[in-house]
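**Q** Take this structure, written in structure tokens, and hold onto it; I'll ask about it next.
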Amino acid sequence: QVQLIESGGGLVQAGGSLRLSCAASGRTLNTLNMAWFRQAPGKEREFVASIRNDGRGTDYAASVKGRFSISRDNAKNMLYLQMNSLKPEDSAVFYCAARGYEATAYLTAPSEYPYWGQGTQVTVSS
């Protein structure tokens with residue numbers, strides 16, 4: 001069983017930056033494709049970014065491309081999301097997700113990921 005714990009959320013002004021972290025345990029991280037999703041109140045959970053198990057490939061939602069950067073440190077069992085130029089519309093609960101690397105990387109549907117963290121709140125003020 002994979003456990004995921006997010007951290008790093010908080011309140012930031014528009015234009016600011018935050019770095020989210022996700023600590024993984026229960027399975028060697030290099031056997032997992034990882035992703036970040038977010039969910040705003042009253043909205044469906046949406047894909048933000050994904051990264052291949054070996055870190056050699058990434059994918060981003062159009063709304064965050066050029067502002068967000070996903071990375072991982074398999075030696076430390078950590079996943080990261082660097083968020084720059086934040087906008088009020090980025091406010092949401094951000095979730096770390098994982099699935100086995102045997103499947104296709106860069107999946108964007110929440111239903112494709114069996115493992116989830118509890119989420120961390122990001123609030124961007126205008």
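Following the order of the structure tokens, chains are lettered A, B, ..., residues in each are numbered from 1, and ligands are numbered from 1.
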Env of region 28-31 of chain A: 12 Å cut, atoms = only C-alpha atoms, seq-sep filter 3 positions within chain, self excluded. Answer as a ChimeraX atom specification.
**A** /A:1-4,22-25,34,51-56,72-79,97-103,105
**Q** Which residues, written as a PyMOL selection string, have at least one atom at most 6 Å from Ala14 (chain A), with only C-alpha atoms counted and residues fewer than 6 positions away on the same chain left out?
**A** chain A and resi 86-87+124-126
**Q** Region 108-113 of chain A: which residues within 10 Å, counting only C-alpha atoms, same-chain residues fewer than 6 positions away excluded, as a VMD selection string?
**A** chain A and resid 33 to 37 44 to 50 59 to 61 96 to 100
**Q** Dump N, CA and C atoms for the selected residues as a compact mmCIF listing (two decimals), in the first residue's frame?
**A**
```txt
# COMPACT_ATOMS: atom_id res chain seq x y z
N ASN A 33 4.44 6.23 -11.37
CA ASN A 33 4.18 7.47 -12.07
C ASN A 33 3.39 8.36 -11.12
N MET A 34 3.74 9.64 -11.08
CA MET A 34 3.15 10.53 -10.08
C MET A 34 2.47 11.72 -10.76
N ALA A 35 1.54 12.32 -10.02
CA ALA A 35 0.82 13.47 -10.57
C ALA A 35 0.32 14.37 -9.46
N TRP A 36 0.01 15.59 -9.85
CA TRP A 36 -0.68 16.54 -8.98
C TRP A 36 -2.04 16.85 -9.61
N PHE A 37 -3.03 16.89 -8.76
CA PHE A 37 -4.38 17.33 -9.13
C PHE A 37 -4.81 18.43 -8.19
N GLU A 44 -14.96 19.95 -10.15
CA GLU A 44 -14.41 18.61 -10.20
C GLU A 44 -12.89 18.67 -10.01
N ARG A 45 -12.36 17.55 -9.55
CA ARG A 45 -10.92 17.44 -9.42
C ARG A 45 -10.29 17.47 -10.81
N GLU A 46 -9.25 18.29 -10.98
CA GLU A 46 -8.65 18.43 -12.29
C GLU A 46 -7.15 18.17 -12.27
N PHE A 47 -6.67 17.66 -13.39
CA PHE A 47 -5.27 17.37 -13.58
C PHE A 47 -4.45 18.66 -13.61
N VAL A 48 -3.29 18.63 -12.96
CA VAL A 48 -2.37 19.76 -12.98
C VAL A 48 -1.07 19.40 -13.70
N ALA A 49 -0.42 18.32 -13.25
CA ALA A 49 0.86 17.94 -13.84
C ALA A 49 1.15 16.48 -13.51
N SER A 50 1.97 15.85 -14.34
CA SER A 50 2.39 14.48 -14.08
C SER A 50 3.85 14.32 -14.46
N ASP A 59 4.23 16.28 -17.99
CA ASP A 59 3.07 16.77 -18.73
C ASP A 59 2.36 17.78 -17.85
N TYR A 60 1.75 18.81 -18.47
CA TYR A 60 1.11 19.86 -17.70
C TYR A 60 -0.24 20.20 -18.31
N ALA A 61 -1.15 20.64 -17.45
CA ALA A 61 -2.39 21.22 -17.93
C ALA A 61 -2.07 22.55 -18.59
N CYS A 96 -1.66 15.00 -4.25
CA CYS A 96 -0.63 14.16 -4.85
C CYS A 96 -1.27 12.80 -5.18
N ALA A 97 -0.95 12.24 -6.34
CA ALA A 97 -1.52 10.96 -6.74
C ALA A 97 -0.44 10.09 -7.37
N ALA A 98 -0.67 8.77 -7.31
CA ALA A 98 0.32 7.84 -7.85
C ALA A 98 -0.34 6.61 -8.43
N ARG A 99 0.36 6.00 -9.39
CA ARG A 99 -0.05 4.70 -9.90
C ARG A 99 1.21 3.98 -10.38
N GLY A 100 1.11 2.69 -10.55
CA GLY A 100 2.25 1.89 -10.94
C GLY A 100 2.80 2.29 -12.30
```
**Q** From a DSSP pass on the backbone, collect the residues of region 44-126 of chain A flagged as helix (DSSP H, G or I) and hand them back as a ChimeraX atom specification.
**A** /A:74-76,88-90,110-112
**Q** Can I get the selection written as an mmCIF file, in the first residue's frame, with N, CA and C atoms?
**A**
```
data_model
loop_
_atom_site.group_PDB
_atom_site.id
_atom_site.type_symbol
_atom_site.label_atom_id
_atom_site.label_comp_id
_atom_site.auth_asym_id
_atom_site.auth_seq_id
_atom_site.Cartn_x
_atom_site.Cartn_y
_atom_site.Cartn_z
ATOM 1 N N ASN A 74 13.667 10.576 -6.371
ATOM 2 C CA ASN A 74 13.366 9.188 -6.027
ATOM 3 C C ASN A 74 14.202 8.687 -4.852
ATOM 4 N N ALA A 75 15.393 9.218 -4.708
ATOM 5 C CA ALA A 75 16.242 8.799 -3.593
ATOM 6 C C ALA A 75 15.639 9.201 -2.250
ATOM 7 N N LYS A 76 14.882 10.294 -2.246
ATOM 8 C CA LYS A 76 14.254 10.783 -1.023
ATOM 9 C C LYS A 76 12.780 10.428 -0.950
ATOM 10 N N PRO A 88 -5.395 34.018 -8.472
ATOM 11 C CA PRO A 88 -6.509 33.643 -7.583
ATOM 12 C C PRO A 88 -7.226 32.381 -8.052
ATOM 13 N N GLU A 89 -7.306 32.173 -9.341
ATOM 14 C CA GLU A 89 -7.990 30.991 -9.857
ATOM 15 C C GLU A 89 -7.207 29.700 -9.624
ATOM 16 N N ASP A 90 -5.985 29.798 -9.135
ATOM 17 C CA ASP A 90 -5.227 28.599 -8.753
ATOM 18 C C ASP A 90 -5.631 28.093 -7.365
ATOM 19 N N PRO A 110 -8.511 11.474 -12.904
ATOM 20 C CA PRO A 110 -8.329 11.058 -11.503
ATOM 21 C C PRO A 110 -8.594 9.565 -11.283
ATOM 22 N N SER A 111 -9.517 9.006 -12.021
ATOM 23 C CA SER A 111 -9.876 7.602 -11.833
ATOM 24 C C SER A 111 -8.732 6.651 -12.183
ATOM 25 N N GLU A 112 -7.733 7.133 -12.885
ATOM 26 C CA GLU A 112 -6.593 6.290 -13.266
ATOM 27 C C GLU A 112 -5.588 6.112 -12.132
#
```
**Q** From a DSSP pass on the backbone, collect the residues of region 9-106 of chain A flagged as strand (DSSP E or B) and hand them back as a CSV table (one decimal) with all heavy atoms, in the first residue's frame.
**A**
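Output (result_28.csv):
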```csv
chain,number,residue,atom,x,y,z
A,10,GLY,N,-0.6,26.9,1.6
A,10,GLY,CA,-0.8,28.1,2.4
A,10,GLY,C,-1.4,29.3,1.7
A,10,GLY,O,-2.0,29.1,0.6
A,11,LEU,N,-1.3,30.4,2.2
A,11,LEU,CA,-1.9,31.7,1.7
A,11,LEU,C,-0.8,32.5,1.0
A,11,LEU,O,0.2,32.8,1.7
A,11,LEU,CB,-2.6,32.4,2.8
A,11,LEU,CG,-3.2,33.8,2.4
A,11,LEU,CD1,-4.3,33.7,1.3
A,11,LEU,CD2,-3.7,34.5,3.6
A,12,VAL,N,-1.0,32.9,-0.2
A,12,VAL,CA,0.0,33.7,-0.9
A,12,VAL,C,-0.7,34.7,-1.7
A,12,VAL,O,-1.9,34.5,-2.2
A,12,VAL,CB,0.9,32.8,-1.8
A,12,VAL,CG1,0.1,32.1,-2.8
A,12,VAL,CG2,2.0,33.5,-2.3
A,13,GLN,N,-0.1,35.9,-2.0
A,13,GLN,CA,-0.7,36.9,-2.8
A,13,GLN,C,-0.5,36.5,-4.3
A,13,GLN,O,0.4,35.8,-4.7
A,13,GLN,CB,0.0,38.2,-2.5
A,13,GLN,CG,-0.4,38.8,-1.2
A,13,GLN,CD,0.1,40.3,-1.1
A,13,GLN,OE1,1.1,40.7,-1.6
A,13,GLN,NE2,-0.6,41.1,-0.3
A,18,LEU,N,4.8,29.2,-4.4
A,18,LEU,CA,4.7,28.2,-3.4
A,18,LEU,C,5.3,26.9,-3.9
A,18,LEU,O,5.3,26.7,-5.1
A,18,LEU,CB,3.3,27.9,-3.0
A,18,LEU,CG,2.6,28.8,-2.0
A,18,LEU,CD1,1.1,28.3,-1.8
A,18,LEU,CD2,3.3,28.8,-0.6
A,19,ARG,N,5.9,26.1,-3.0
A,19,ARG,CA,6.4,24.8,-3.4
A,19,ARG,C,5.7,23.8,-2.6
A,19,ARG,O,5.8,23.7,-1.4
A,19,ARG,CB,7.9,24.7,-3.2
A,19,ARG,CG,8.5,23.5,-3.7
A,19,ARG,CD,9.9,23.3,-3.2
A,19,ARG,NE,10.7,22.3,-3.9
A,19,ARG,CZ,11.7,21.6,-3.5
A,19,ARG,NH1,12.1,21.8,-2.2
A,19,ARG,NH2,12.4,20.8,-4.2
A,20,LEU,N,5.0,22.9,-3.3
A,20,LEU,CA,4.3,21.8,-2.6
A,20,LEU,C,5.2,20.6,-2.6
A,20,LEU,O,6.0,20.3,-3.6
A,20,LEU,CB,3.0,21.4,-3.3
A,20,LEU,CG,2.0,22.6,-3.5
A,20,LEU,CD1,0.7,22.0,-4.1
A,20,LEU,CD2,1.7,23.2,-2.1
A,21,SER,N,5.1,19.8,-1.5
A,21,SER,CA,5.9,18.6,-1.4
A,21,SER,C,4.9,17.4,-1.2
A,21,SER,O,3.9,17.6,-0.6
A,21,SER,CB,6.9,18.6,-0.3
A,21,SER,OG,7.8,19.7,-0.5
A,22,CYS,N,5.3,16.2,-1.6
A,22,CYS,CA,4.6,15.0,-1.3
A,22,CYS,C,5.5,13.9,-0.9
A,22,CYS,O,6.4,13.5,-1.7
A,22,CYS,CB,3.8,14.6,-2.6
A,22,CYS,SG,2.9,13.0,-2.4
A,23,ALA,N,5.4,13.4,0.3
A,23,ALA,CA,6.2,12.4,0.8
A,23,ALA,C,5.5,11.0,0.6
A,23,ALA,O,4.4,10.8,1.0
A,23,ALA,CB,6.5,12.6,2.3
A,24,ALA,N,6.3,10.1,-0.1
A,24,ALA,CA,5.7,8.8,-0.4
A,24,ALA,C,6.3,7.7,0.4
A,24,ALA,O,7.5,7.8,0.7
A,24,ALA,CB,5.9,8.5,-1.9
A,25,SER,N,5.5,6.7,0.8
A,25,SER,CA,6.1,5.5,1.5
A,25,SER,C,5.2,4.3,1.1
A,25,SER,O,4.2,4.4,0.5
A,25,SER,CB,6.0,5.8,3.0
A,25,SER,OG,4.7,5.9,3.4
A,32,LEU,N,6.7,4.2,-9.5
A,32,LEU,CA,5.4,4.9,-9.6
A,32,LEU,C,5.4,6.1,-10.5
A,32,LEU,O,6.4,6.9,-10.4
A,32,LEU,CB,5.0,5.4,-8.2
A,32,LEU,CG,4.7,4.4,-7.1
A,32,LEU,CD1,4.6,5.1,-5.7
A,32,LEU,CD2,3.5,3.6,-7.4
A,33,ASN,N,4.4,6.2,-11.4
A,33,ASN,CA,4.2,7.5,-12.1
A,33,ASN,C,3.4,8.4,-11.1
A,33,ASN,O,2.5,7.9,-10.4
A,33,ASN,CB,3.4,7.2,-13.3
A,33,ASN,CG,4.2,6.5,-14.4
A,33,ASN,OD1,5.4,6.6,-14.5
A,33,ASN,ND2,3.5,5.6,-15.2
A,34,MET,N,3.7,9.6,-11.1
A,34,MET,CA,3.2,10.5,-10.1
A,34,MET,C,2.5,11.7,-10.8
A,34,MET,O,2.8,12.1,-11.9
A,34,MET,CB,4.2,11.1,-9.1
A,34,MET,CG,5.1,10.0,-8.5
A,34,MET,SD,4.2,9.1,-7.2
A,34,MET,CE,3.9,10.4,-6.0
A,35,ALA,N,1.5,12.3,-10.0
A,35,ALA,CA,0.8,13.5,-10.6
A,35,ALA,C,0.3,14.4,-9.5
A,35,ALA,O,0.2,14.0,-8.3
A,35,ALA,CB,-0.4,13.0,-11.4
A,36,TRP,N,0.0,15.6,-9.8
A,36,TRP,CA,-0.7,16.5,-9.0
A,36,TRP,C,-2.0,16.9,-9.6
A,36,TRP,O,-2.1,17.1,-10.8
A,36,TRP,CB,0.1,17.8,-8.8
A,36,TRP,CG,1.3,17.7,-8.0
A,36,TRP,CD1,2.6,17.6,-8.4
A,36,TRP,CD2,1.4,17.8,-6.6
A,36,TRP,NE1,3.5,17.5,-7.4
A,36,TRP,CE2,2.8,17.6,-6.2
A,36,TRP,CE3,0.5,18.0,-5.6
A,36,TRP,CZ2,3.2,17.7,-4.9
A,36,TRP,CZ3,0.9,18.0,-4.2
A,36,TRP,CH2,2.3,17.8,-3.9
A,37,PHE,N,-3.0,16.9,-8.8
A,37,PHE,CA,-4.4,17.3,-9.1
A,37,PHE,C,-4.8,18.4,-8.2
A,37,PHE,O,-4.2,18.6,-7.1
A,37,PHE,CB,-5.4,16.2,-9.0
A,37,PHE,CG,-5.2,15.1,-10.1
A,37,PHE,CD1,-4.2,14.2,-10.0
A,37,PHE,CD2,-6.1,15.1,-11.2
A,37,PHE,CE1,-4.1,13.2,-11.0
A,37,PHE,CE2,-6.0,14.1,-12.2
A,37,PHE,CZ,-5.0,13.2,-12.1
A,38,ARG,N,-5.9,19.1,-8.5
A,38,ARG,CA,-6.4,20.1,-7.6
A,38,ARG,C,-7.9,20.1,-7.8
A,38,ARG,O,-8.5,19.7,-8.8
A,38,ARG,CB,-5.9,21.5,-7.9
A,38,ARG,CG,-6.2,22.1,-9.3
A,38,ARG,CD,-5.5,23.4,-9.5
A,38,ARG,NE,-5.8,24.0,-10.8
A,38,ARG,CZ,-5.3,25.1,-11.3
A,38,ARG,NH1,-4.3,25.7,-10.6
A,38,ARG,NH2,-5.6,25.5,-12.5
A,39,GLN,N,-8.6,20.6,-6.7
A,39,GLN,CA,-10.0,20.7,-6.6
A,39,GLN,C,-10.4,21.9,-5.9
A,39,GLN,O,-10.1,22.1,-4.7
A,39,GLN,CB,-10.6,19.5,-6.0
A,39,GLN,CG,-12.1,19.4,-6.1
A,39,GLN,CD,-12.7,18.0,-5.7
A,39,GLN,OE1,-12.0,17.2,-5.1
A,39,GLN,NE2,-13.9,17.7,-6.1
A,46,GLU,N,-9.2,18.3,-11.0
A,46,GLU,CA,-8.6,18.4,-12.3
A,46,GLU,C,-7.2,18.2,-12.3
A,46,GLU,O,-6.5,18.4,-11.3
A,46,GLU,CB,-8.9,19.8,-12.9
A,46,GLU,CG,-8.3,21.0,-12.1
A,46,GLU,CD,-8.4,22.3,-12.8
A,46,GLU,OE1,-9.0,22.4,-13.9
A,46,GLU,OE2,-7.9,23.3,-12.3
A,47,PHE,N,-6.7,17.7,-13.4
A,47,PHE,CA,-5.3,17.4,-13.6
A,47,PHE,C,-4.4,18.7,-13.6
A,47,PHE,O,-4.9,19.7,-14.2
A,47,PHE,CB,-5.1,16.6,-14.9
A,47,PHE,CG,-3.7,16.5,-15.4
A,47,PHE,CD1,-2.8,15.5,-14.8
A,47,PHE,CD2,-3.2,17.2,-16.4
A,47,PHE,CE1,-1.5,15.4,-15.2
A,47,PHE,CE2,-1.9,17.1,-16.8
A,47,PHE,CZ,-1.1,16.2,-16.2
A,48,VAL,N,-3.3,18.6,-13.0
A,48,VAL,CA,-2.4,19.8,-13.0
A,48,VAL,C,-1.1,19.4,-13.7
A,48,VAL,O,-0.7,20.1,-14.6
A,48,VAL,CB,-2.0,20.2,-11.5
A,48,VAL,CG1,-1.0,21.3,-11.5
A,48,VAL,CG2,-3.3,20.7,-10.8
A,49,ALA,N,-0.4,18.3,-13.3
A,49,ALA,CA,0.9,17.9,-13.8
A,49,ALA,C,1.2,16.5,-13.5
A,49,ALA,O,0.7,16.0,-12.5
A,49,ALA,CB,2.0,18.8,-13.3
A,50,SER,N,2.0,15.9,-14.3
A,50,SER,CA,2.4,14.5,-14.1
A,50,SER,C,3.9,14.3,-14.5
A,50,SER,O,4.4,15.1,-15.2
A,50,SER,CB,1.5,13.5,-14.8
A,50,SER,OG,1.7,13.6,-16.2
A,51,ILE,N,4.5,13.3,-13.9
A,51,ILE,CA,5.9,13.0,-14.2
A,51,ILE,C,6.1,11.5,-14.2
A,51,ILE,O,5.5,10.8,-13.4
A,51,ILE,CB,6.8,13.7,-13.1
A,51,ILE,CG1,8.2,13.6,-13.4
A,51,ILE,CG2,6.4,13.2,-11.7
A,51,ILE,CD1,9.1,14.5,-12.6
A,58,THR,N,7.5,14.8,-18.4
A,58,THR,CA,6.5,15.5,-17.7
A,58,THR,C,5.3,16.0,-18.6
A,58,THR,O,5.5,16.0,-19.8
A,58,THR,CB,7.0,16.8,-17.0
A,58,THR,OG1,7.6,17.7,-18.0
A,58,THR,CG2,8.1,16.4,-16.0
A,59,ASP,N,4.2,16.3,-18.0
A,59,ASP,CA,3.1,16.8,-18.7
A,59,ASP,C,2.4,17.8,-17.9
A,59,ASP,O,2.3,17.6,-16.6
A,59,ASP,CB,2.1,15.6,-19.1
A,59,ASP,CG,1.0,16.0,-20.0
A,59,ASP,OD1,1.2,17.0,-20.8
A,59,ASP,OD2,-0.1,15.5,-19.9
A,60,TYR,N,1.8,18.8,-18.5
A,60,TYR,CA,1.1,19.9,-17.7
A,60,TYR,C,-0.2,20.2,-18.3
A,60,TYR,O,-0.4,20.1,-19.5
A,60,TYR,CB,2.0,21.1,-17.7
A,60,TYR,CG,3.3,21.0,-17.0
A,60,TYR,CD1,4.4,20.6,-17.7
A,60,TYR,CD2,3.4,21.2,-15.6
A,60,TYR,CE1,5.6,20.4,-17.0
A,60,TYR,CE2,4.6,21.1,-14.9
A,60,TYR,CZ,5.7,20.7,-15.7
A,60,TYR,OH,6.9,20.5,-15.0
A,68,PHE,N,4.0,26.4,-13.6
A,68,PHE,CA,4.3,25.3,-12.6
A,68,PHE,C,5.3,24.4,-13.1
A,68,PHE,O,5.5,24.2,-14.3
A,68,PHE,CB,3.0,24.5,-12.3
A,68,PHE,CG,1.9,25.3,-11.6
A,68,PHE,CD1,2.0,26.6,-11.4
A,68,PHE,CD2,0.8,24.6,-11.2
A,68,PHE,CE1,1.0,27.3,-10.7
A,68,PHE,CE2,-0.2,25.2,-10.5
A,68,PHE,CZ,-0.1,26.6,-10.3
A,69,SER,N,6.0,23.7,-12.2
A,69,SER,CA,7.1,22.8,-12.5
A,69,SER,C,7.0,21.6,-11.6
A,69,SER,O,7.1,21.7,-10.4
A,69,SER,CB,8.4,23.4,-12.5
A,69,SER,OG,9.4,22.4,-12.8
A,70,ILE,N,6.8,20.4,-12.2
A,70,ILE,CA,6.8,19.2,-11.3
A,70,ILE,C,8.1,18.5,-11.4
A,70,ILE,O,8.8,18.5,-12.4
A,70,ILE,CB,5.7,18.2,-11.9
A,70,ILE,CG1,5.5,17.0,-10.9
A,70,ILE,CG2,6.0,17.7,-13.3
A,70,ILE,CD1,4.3,16.1,-11.3
A,71,SER,N,8.6,18.0,-10.2
A,71,SER,CA,9.8,17.3,-10.2
A,71,SER,C,9.8,16.2,-9.1
A,71,SER,O,8.8,16.2,-8.3
A,71,SER,CB,11.0,18.3,-9.9
A,71,SER,OG,10.8,18.9,-8.6
A,72,ARG,N,10.8,15.4,-9.1
A,72,ARG,CA,10.8,14.3,-8.1
A,72,ARG,C,12.2,14.0,-7.7
A,72,ARG,O,13.1,14.2,-8.5
A,72,ARG,CB,10.1,13.1,-8.6
A,72,ARG,CG,10.7,12.4,-9.9
A,72,ARG,CD,9.8,11.4,-10.5
A,72,ARG,NE,9.5,10.3,-9.7
A,72,ARG,CZ,8.5,9.5,-9.8
A,72,ARG,NH1,7.6,9.7,-10.8
A,72,ARG,NH2,8.4,8.4,-9.0
A,73,ASP,N,12.4,13.4,-6.5
A,73,ASP,CA,13.6,13.0,-6.0
A,73,ASP,C,13.4,11.5,-5.5
A,73,ASP,O,12.9,11.3,-4.4
A,73,ASP,CB,14.2,13.8,-4.9
A,73,ASP,CG,15.6,13.5,-4.4
A,73,ASP,OD1,16.0,12.3,-4.6
A,73,ASP,OD2,16.2,14.3,-3.9
A,78,MET,N,10.3,11.7,-2.7
A,78,MET,CA,9.6,12.9,-2.7
A,78,MET,C,9.2,13.4,-4.1
A,78,MET,O,9.9,13.2,-5.0
A,78,MET,CB,10.5,14.0,-2.1
A,78,MET,CG,10.8,13.8,-0.6
A,78,MET,SD,9.4,13.9,0.5
A,78,MET,CE,9.0,15.7,0.3
A,79,LEU,N,8.0,14.0,-4.1
A,79,LEU,CA,7.5,14.6,-5.3
A,79,LEU,C,7.3,16.1,-5.0
A,79,LEU,O,6.9,16.4,-3.8
A,79,LEU,CB,6.1,14.0,-5.7
A,79,LEU,CG,5.4,14.6,-6.8
A,79,LEU,CD1,6.1,14.3,-8.2
A,79,LEU,CD2,3.9,14.1,-6.9
A,80,TYR,N,7.5,17.0,-6.0
A,80,TYR,CA,7.4,18.4,-5.7
A,80,TYR,C,6.5,19.1,-6.8
A,80,TYR,O,6.4,18.6,-7.9
A,80,TYR,CB,8.8,19.1,-5.7
A,80,TYR,CG,9.7,18.5,-4.7
A,80,TYR,CD1,10.7,17.6,-5.1
A,80,TYR,CD2,9.6,18.8,-3.4
A,80,TYR,CE1,11.6,17.0,-4.2
A,80,TYR,CE2,10.5,18.2,-2.4
A,80,TYR,CZ,11.5,17.3,-2.9
A,80,TYR,OH,12.3,16.8,-2.0
A,81,LEU,N,6.0,20.2,-6.5
A,81,LEU,CA,5.3,21.1,-7.4
A,81,LEU,C,5.7,22.5,-7.1
A,81,LEU,O,5.3,23.1,-6.1
A,81,LEU,CB,3.8,20.9,-7.4
A,81,LEU,CG,3.1,21.7,-8.5
A,81,LEU,CD1,3.4,21.1,-9.9
A,81,LEU,CD2,1.5,21.7,-8.2
A,82,GLN,N,6.5,23.1,-7.9
A,82,GLN,CA,6.9,24.5,-7.8
A,82,GLN,C,5.9,25.3,-8.6
A,82,GLN,O,5.7,25.1,-9.8
A,82,GLN,CB,8.3,24.7,-8.4
A,82,GLN,CG,8.7,26.2,-8.3
A,82,GLN,CD,8.9,26.7,-6.9
A,82,GLN,OE1,9.5,26.0,-6.0
A,82,GLN,NE2,8.4,27.9,-6.6
A,83,MET,N,5.2,26.2,-7.9
A,83,MET,CA,4.2,27.1,-8.5
A,83,MET,C,4.6,28.5,-8.4
A,83,MET,O,4.8,29.1,-7.3
A,83,MET,CB,2.9,26.9,-7.7
A,83,MET,CG,2.4,25.4,-7.6
A,83,MET,SD,0.8,25.2,-6.9
A,83,MET,CE,1.1,25.7,-5.2
A,92,ALA,N,-7.2,26.2,-4.5
A,92,ALA,CA,-7.8,24.9,-4.5
A,92,ALA,C,-7.1,24.0,-3.5
A,92,ALA,O,-6.0,24.4,-2.9
A,92,ALA,CB,-7.7,24.2,-5.9
A,93,VAL,N,-7.6,22.9,-3.2
A,93,VAL,CA,-6.9,21.8,-2.5
A,93,VAL,C,-6.1,21.0,-3.5
A,93,VAL,O,-6.7,20.6,-4.5
A,93,VAL,CB,-7.9,20.9,-1.8
A,93,VAL,CG1,-7.1,19.8,-1.1
A,93,VAL,CG2,-8.7,21.7,-0.7
A,94,PHE,N,-4.8,20.9,-3.3
A,94,PHE,CA,-3.9,20.2,-4.2
A,94,PHE,C,-3.6,18.8,-3.6
A,94,PHE,O,-3.3,18.7,-2.5
A,94,PHE,CB,-2.6,21.0,-4.4
A,94,PHE,CG,-2.8,22.1,-5.4
A,94,PHE,CD1,-3.5,23.3,-5.0
A,94,PHE,CD2,-2.2,22.1,-6.6
A,94,PHE,CE1,-3.6,24.3,-5.9
A,94,PHE,CE2,-2.3,23.1,-7.5
A,94,PHE,CZ,-3.0,24.2,-7.2
A,95,TYR,N,-3.7,17.8,-4.5
A,95,TYR,CA,-3.6,16.4,-4.2
A,95,TYR,C,-2.4,15.8,-4.9
A,95,TYR,O,-2.3,16.0,-6.2
A,95,TYR,CB,-4.8,15.6,-4.5
A,95,TYR,CG,-6.0,16.0,-3.7
A,95,TYR,CD1,-6.9,17.0,-4.2
A,95,TYR,CD2,-6.3,15.5,-2.5
A,95,TYR,CE1,-8.0,17.4,-3.5
A,95,TYR,CE2,-7.4,15.8,-1.7
A,95,TYR,CZ,-8.3,16.8,-2.3
A,95,TYR,OH,-9.4,17.1,-1.6
A,96,CYS,N,-1.7,15.0,-4.3
A,96,CYS,CA,-0.6,14.2,-4.8
A,96,CYS,C,-1.3,12.8,-5.2
A,96,CYS,O,-2.1,12.3,-4.4
A,96,CYS,CB,0.5,14.0,-3.8
A,96,CYS,SG,1.7,12.8,-4.2
A,97,ALA,N,-1.0,12.2,-6.3
A,97,ALA,CA,-1.5,11.0,-6.7
A,97,ALA,C,-0.4,10.1,-7.4
A,97,ALA,O,0.5,10.6,-7.9
A,97,ALA,CB,-2.7,11.2,-7.7
A,98,ALA,N,-0.7,8.8,-7.3
A,98,ALA,CA,0.3,7.8,-7.8
A,98,ALA,C,-0.3,6.6,-8.4
A,98,ALA,O,-1.5,6.2,-8.0
A,98,ALA,CB,1.3,7.4,-6.7
A,99,ARG,N,0.4,6.0,-9.4
A,99,ARG,CA,-0.1,4.7,-9.9
A,99,ARG,C,1.2,4.0,-10.4
A,99,ARG,O,2.3,4.6,-10.6
A,99,ARG,CB,-1.1,4.8,-11.0
A,99,ARG,CG,-0.6,5.4,-12.3
A,99,ARG,CD,-1.6,5.2,-13.4
A,99,ARG,NE,-1.7,3.7,-13.6
A,99,ARG,CZ,-2.8,3.1,-13.8
A,99,ARG,NH1,-4.0,3.7,-13.9
A,99,ARG,NH2,-2.8,1.8,-14.0
A,100,GLY,N,1.1,2.7,-10.5
A,100,GLY,CA,2.2,1.9,-10.9
A,100,GLY,C,2.8,2.3,-12.3
A,100,GLY,O,2.1,2.7,-13.2
```
**Q** Quick one, how far is CA of Pro114 (chain A) from CA of Gly66 (chain A)?
**A**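 Between CA of Pro114 (chain A) and CA of Gly66 (chain A) the gap is 27.8 Å.
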**Q** Closest to Tyr106 (chain A) among A:Asn84, A:Gly57, A:Ser91, A:Gly119, using only C-alpha atoms?
**A**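 Among the listed residues, A:Gly57 lies closest to Tyr106 (chain A).
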**Q** Counting only C-alpha atoms, which of A:Tyr115, A:Thr104, A:Ser85, A:Val64 gets nearest to Gly26 (chain A)?
**A**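 Among the listed residues, the smallest separation from Gly26 (chain A) belongs to A:Tyr115.
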**Q** Work out how far apart CA of Gly16 (chain A) and CA of Ser63 (chain A) are and give it in Å to one decimal.
**A** 16.4 Å
